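Written out below as structure tokens is the structure these notes cover.
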Amino acid sequence: MNESKTHINLRNSFWFLPVVYGIISVIVVGLSTWIDIAFVSQLGGTYSKLFLASEKIAQSLYGPLITAILTMTTISFSSIMVVLTTYSSQFSPRTLQDFISDRFTQHVLGIFVAGFIFALVNMLFLTGKDERLLLSPVLTVLIAIACLLFFILFIHHSSSFVQVSNLIEKITRESISLLDTKEEMIDGERFEGWDSWEQLELRESDGIPIYSEKMGYIQKIQFNSLVEKANQDDAVIRLNVVVGHYVKRGSLLGTVWLNDKKTFSKNSLLNRIAIGTERINSQDLEFSIQKLVEIALRAISPSVNDPHTAINCTNRIGSILCRIGEVYHPKEVFFDSNKNLRLMTSPKSFFEYLYKSFYLIRHYGKGDVAVMNGILEALILTAEGQREEIKSDVRKFHAYIMEGMDFEHYPELDKELIATTSEYLEEICKK
């Protein structure tokens, strides 16, 4: 799915869905009032006594509903502030996005906004002539029940969201899903034939360089849209940046080679690369790993002292690195429907992912045997079943980890634990 920067900002904003719900609520009020005036008032006899409510009854429903919804909204916002404070102080400021952009939270606030606006606008439409109504009171009752149900669900959702284990699981699941999506986009059958771009004989002097017109982080690259555009222009695009990179005005984003340079517009490429003030989860795998690293660092800090959470983070990082190793290629190429090369990019190296995943944990956790052993166990998860080049990076990083340990001050049992895990890791890397 292609998304512009505006779409990304709207999707991650906290106000967009509540505004949409509010607009829908006003429309529903108009329709229900028109139906009540045009059709329902014509019913009489038995139907009038059984189903139609007077304006006095309707007014008695709207007033308490407005008060109740405001109360539930206040409690919900209080819960949101508690969650955000917990995320910022105990986990990581970067994890605030995960709760703010959570769709369920936005839908709950949208339901409350819709209920409040529905009851408030309906009160304005009461004429005081004691007319008989059907749809408006019924919808009011249904909205009240919906608000109560979503309020209960939101309290449960917030209490679950604030648990660090659930947050770690969510970040891990989204990261692996991102890798699965990326693997589907890339034609893996054609990788071996395109290990070197030099065979394409594309000279730099023949290409059109594309420079950034703004500064910020690369938030998202619309790969499929770039391939479609390159196919239309019969062009080949090479990207010099990846998602998560920080660029300034004038930074080289990529180069385009095409036959007819007169028809090319640089905005066609710039509009497909979203640049913003902060990193987001959409395609930024390193950013997701960074969150797990920061949660682990907070967990092993003296103020928290929770090594088990840190080990949980290292285990999840190991699972993510294992999936990265399965899909990683030093050159990523994208083809059109006719198997013509259209887009090339160089992702971050696997060793860079490996290093940035553990070097901070190694530095601040080197005095905790459980944390260091957790890193070695994560490396075992990473290396199992991988091809030789991935295992070679793991062996190199394994040596780096062992250099940071002060064995002279470790008790004998701690030395045995580290030695046993280290030997098993060596065996995995040799297979």
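So you can find residues: chains in the structure tokens are A, B, ... in the order shown, residues in each start at 1, and ligands are numbered from 1 in order.
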Extract, using only C-alpha atoms, all DNA, RNA and protein residues at most 9 Å from range 149-166 of chain A, discarding same-chain residues fewer than 4 positions from it, and format them as a JSON list (two decimals) with N, CA, C and O atoms, in the first residue's frame.
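Ended up saving to result-v7.json:
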```json
[["chain", "number", "residue", "atom", "x", "y", "z"],
["A", 72, "MET", "N", -16.34, 9.15, 31.52],
["A", 72, "MET", "CA", -15.55, 8.05, 30.98],
["A", 72, "MET", "C", -14.37, 8.56, 30.16],
["A", 72, "MET", "O", -13.27, 7.99, 30.21],
["A", 73, "THR", "N", -14.58, 9.65, 29.44],
["A", 73, "THR", "CA", -13.49, 10.23, 28.65],
["A", 73, "THR", "C", -12.39, 10.75, 29.57],
["A", 73, "THR", "O", -11.20, 10.57, 29.29],
["A", 76, "SER", "N", -10.50, 7.85, 30.91],
["A", 76, "SER", "CA", -9.69, 7.25, 29.83],
["A", 76, "SER", "C", -8.43, 8.07, 29.58],
["A", 76, "SER", "O", -7.34, 7.52, 29.43],
["A", 79, "SER", "N", -6.00, 7.44, 32.27],
["A", 79, "SER", "CA", -5.32, 6.17, 32.05],
["A", 79, "SER", "C", -4.25, 6.30, 30.98],
["A", 79, "SER", "O", -3.16, 5.74, 31.10],
["A", 80, "ILE", "N", -4.57, 7.06, 29.93],
["A", 80, "ILE", "CA", -3.59, 7.28, 28.86],
["A", 80, "ILE", "C", -2.36, 7.98, 29.40],
["A", 80, "ILE", "O", -1.21, 7.61, 29.08],
["A", 82, "VAL", "N", -1.19, 7.92, 32.43],
["A", 82, "VAL", "CA", -0.45, 6.99, 33.27],
["A", 82, "VAL", "C", 0.40, 6.06, 32.40],
["A", 82, "VAL", "O", 1.58, 5.81, 32.68],
["A", 83, "VAL", "N", -0.20, 5.55, 31.31],
["A", 83, "VAL", "CA", 0.53, 4.67, 30.42],
["A", 83, "VAL", "C", 1.70, 5.40, 29.77],
["A", 83, "VAL", "O", 2.82, 4.89, 29.70],
["A", 84, "LEU", "N", 1.46, 6.63, 29.30],
["A", 84, "LEU", "CA", 2.52, 7.38, 28.63],
["A", 84, "LEU", "C", 3.66, 7.71, 29.60],
["A", 84, "LEU", "O", 4.83, 7.65, 29.23],
["A", 86, "THR", "N", 4.48, 5.93, 32.25],
["A", 86, "THR", "CA", 5.18, 4.67, 32.50],
["A", 86, "THR", "C", 6.10, 4.32, 31.34],
["A", 86, "THR", "O", 7.26, 3.92, 31.55],
["A", 87, "TYR", "N", 5.59, 4.47, 30.12],
["A", 87, "TYR", "CA", 6.41, 4.17, 28.94],
["A", 87, "TYR", "C", 7.66, 5.04, 28.90],
["A", 87, "TYR", "O", 8.76, 4.56, 28.62],
["A", 91, "PHE", "N", 10.35, 2.44, 30.34],
["A", 91, "PHE", "CA", 10.69, 1.68, 29.13],
["A", 91, "PHE", "C", 11.61, 2.49, 28.23],
["A", 91, "PHE", "O", 12.82, 2.30, 28.24],
["A", 99, "PHE", "N", 1.87, 3.27, 21.76],
["A", 99, "PHE", "CA", 0.57, 3.42, 22.40],
["A", 99, "PHE", "C", -0.26, 4.51, 21.73],
["A", 99, "PHE", "O", -1.46, 4.35, 21.53],
["A", 104, "PHE", "N", -6.73, 0.70, 18.58],
["A", 104, "PHE", "CA", -7.82, 0.47, 19.53],
["A", 104, "PHE", "C", -8.01, 1.69, 20.43],
["A", 104, "PHE", "O", -9.15, 2.11, 20.70],
["A", 105, "THR", "N", -6.91, 2.27, 20.90],
["A", 105, "THR", "CA", -7.00, 3.47, 21.74],
["A", 105, "THR", "C", -7.68, 4.60, 20.99],
["A", 105, "THR", "O", -8.55, 5.31, 21.53],
["A", 107, "HIS", "N", -9.77, 4.31, 18.44],
["A", 107, "HIS", "CA", -11.18, 3.97, 18.23],
["A", 107, "HIS", "C", -12.01, 4.22, 19.49],
["A", 107, "HIS", "O", -13.16, 4.68, 19.40],
["A", 108, "VAL", "N", -11.45, 3.92, 20.66],
["A", 108, "VAL", "CA", -12.18, 4.15, 21.91],
["A", 108, "VAL", "C", -12.48, 5.64, 22.09],
["A", 108, "VAL", "O", -13.61, 6.03, 22.39],
["A", 111, "ILE", "N", -15.22, 6.64, 19.75],
["A", 111, "ILE", "CA", -16.56, 6.24, 20.21],
["A", 111, "ILE", "C", -17.08, 7.25, 21.25],
["A", 111, "ILE", "O", -18.25, 7.66, 21.22],
["A", 112, "PHE", "N", -16.21, 7.65, 22.17],
["A", 112, "PHE", "CA", -16.63, 8.62, 23.19],
["A", 112, "PHE", "C", -16.99, 9.96, 22.56],
["A", 112, "PHE", "O", -17.99, 10.59, 22.93],
["A", 144, "ALA", "N", -24.96, 4.56, 24.22],
["A", 144, "ALA", "CA", -24.60, 4.51, 25.65],
["A", 144, "ALA", "C", -24.05, 3.13, 25.99],
["A", 144, "ALA", "O", -23.04, 3.01, 26.71],
["A", 145, "ILE", "N", -24.70, 2.08, 25.50],
["A", 145, "ILE", "CA", -24.21, 0.72, 25.75],
["A", 145, "ILE", "C", -22.85, 0.51, 25.12],
["A", 145, "ILE", "O", -21.94, -0.08, 25.72],
["A", 170, "LYS", "N", 4.85, -7.25, 21.38],
["A", 170, "LYS", "CA", 4.27, -6.46, 20.29],
["A", 170, "LYS", "C", 5.37, -5.96, 19.35],
["A", 170, "LYS", "O", 5.24, -6.06, 18.12],
["A", 171, "ILE", "N", 6.45, -5.41, 19.91],
["A", 171, "ILE", "CA", 7.54, -4.90, 19.08],
["A", 171, "ILE", "C", 8.17, -6.03, 18.27],
["A", 171, "ILE", "O", 8.46, -5.87, 17.08],
["A", 295, "ILE", "N", 14.72, -0.69, 26.37],
["A", 295, "ILE", "CA", 13.97, -1.34, 27.45],
["A", 295, "ILE", "C", 14.93, -2.20, 28.28],
["A", 295, "ILE", "O", 14.86, -2.22, 29.52],
["A", 309, "THR", "N", 13.89, -8.98, 32.63],
["A", 309, "THR", "CA", 13.32, -8.23, 31.50],
["A", 309, "THR", "C", 14.38, -8.00, 30.44],
["A", 309, "THR", "O", 14.10, -8.09, 29.23],
["A", 312, "ASN", "N", 14.77, -11.13, 28.53],
["A", 312, "ASN", "CA", 13.62, -11.27, 27.63],
["A", 312, "ASN", "C", 13.85, -10.46, 26.36],
["A", 312, "ASN", "O", 13.57, -10.91, 25.24],
["A", 313, "CYS", "N", 14.39, -9.25, 26.52],
["A", 313, "CYS", "CA", 14.67, -8.40, 25.36],
["A", 313, "CYS", "C", 15.74, -9.00, 24.47],
["A", 313, "CYS", "O", 15.61, -9.01, 23.24]]
```
For Leu425 in chain A: contacts at 8 Å, only C-alpha atoms, fewer than 3 positions along chain excluded, given as a list in words
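Final neighbour list, sorted by chain and number: Leu376, Glu377, Leu379, Ile380, Thr421, Ser422, Ile428 and Cys429 of chain A.
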Using N, CA, C and O atoms, can you export the residues from the last selection as a compact mmCIF listing (two decimals), in the first residue's frame?
```txt
# COMPACT_ATOMS: atom_id res chain seq x y z
N LEU A 376 24.82 -14.13 24.85
CA LEU A 376 25.36 -15.33 24.19
C LEU A 376 24.23 -16.26 23.73
O LEU A 376 24.28 -16.82 22.63
N GLU A 377 23.20 -16.40 24.55
CA GLU A 377 22.06 -17.23 24.15
C GLU A 377 21.32 -16.62 22.96
O GLU A 377 20.83 -17.35 22.08
N LEU A 379 22.78 -14.87 20.64
CA LEU A 379 23.65 -15.16 19.49
C LEU A 379 23.45 -16.60 19.00
O LEU A 379 23.54 -16.87 17.80
N ILE A 380 23.17 -17.50 19.93
CA ILE A 380 22.87 -18.89 19.53
C ILE A 380 21.58 -18.92 18.71
O ILE A 380 21.51 -19.58 17.66
N THR A 421 28.01 -21.88 27.71
CA THR A 421 27.22 -21.22 26.66
C THR A 421 28.09 -20.81 25.48
O THR A 421 27.70 -20.95 24.32
N SER A 422 29.29 -20.33 25.78
CA SER A 422 30.21 -19.91 24.72
C SER A 422 30.65 -21.09 23.86
O SER A 422 30.72 -20.98 22.62
N ILE A 428 27.67 -24.26 17.27
CA ILE A 428 26.61 -23.87 16.32
C ILE A 428 27.20 -23.16 15.11
O ILE A 428 26.79 -23.40 13.96
N CYS A 429 28.16 -22.29 15.36
CA CYS A 429 28.76 -21.53 14.24
C CYS A 429 29.63 -22.40 13.34
O CYS A 429 29.91 -22.02 12.21
```
Give me, as a PyMOL selection string, all polymer residues having an atom no more than 7 Å from range 15-27 of chain A, counting only C-alpha atoms and skipping those fewer than 3 positions away in the same chain.
chain A and resi 10+30-31+106-107+109-111+113-114+117-118
Mind listing the strand (DSSP E or B) residues of range 160-360 of chain A, per DSSP on the backbone, as a PyMOL selection string?
chain A and resi 208-211+216-221+235-239+246-247+252-258+273-276+332-335+341-345
d(CA of Glu174 in chain A, CA of Ile100 in chain A) in Å
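A separation of 15.7 Å between them.
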Looking at A:Ala146, A:Val247, A:Ala378, A:Ile208, which one is nearest to Gly318 in chain A, with distances taken over only C-alpha atoms?
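When distances to Gly318 in chain A are compared using only C-alpha atoms, the smallest one comes from A:Ala378.
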Take CA of His245 in chain A and CA of Arg272 in chain A and report the distance between them in Å, one decimal.
15.4 Å
Using only C-alpha atoms, find the one residue out of A:Ala119, A:Ser319, A:Phe77, A:Gln219 that sits nearest to Val29 in chain A.
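Ranked by minimum distance to Val29 in chain A, first place goes to A:Ala119.
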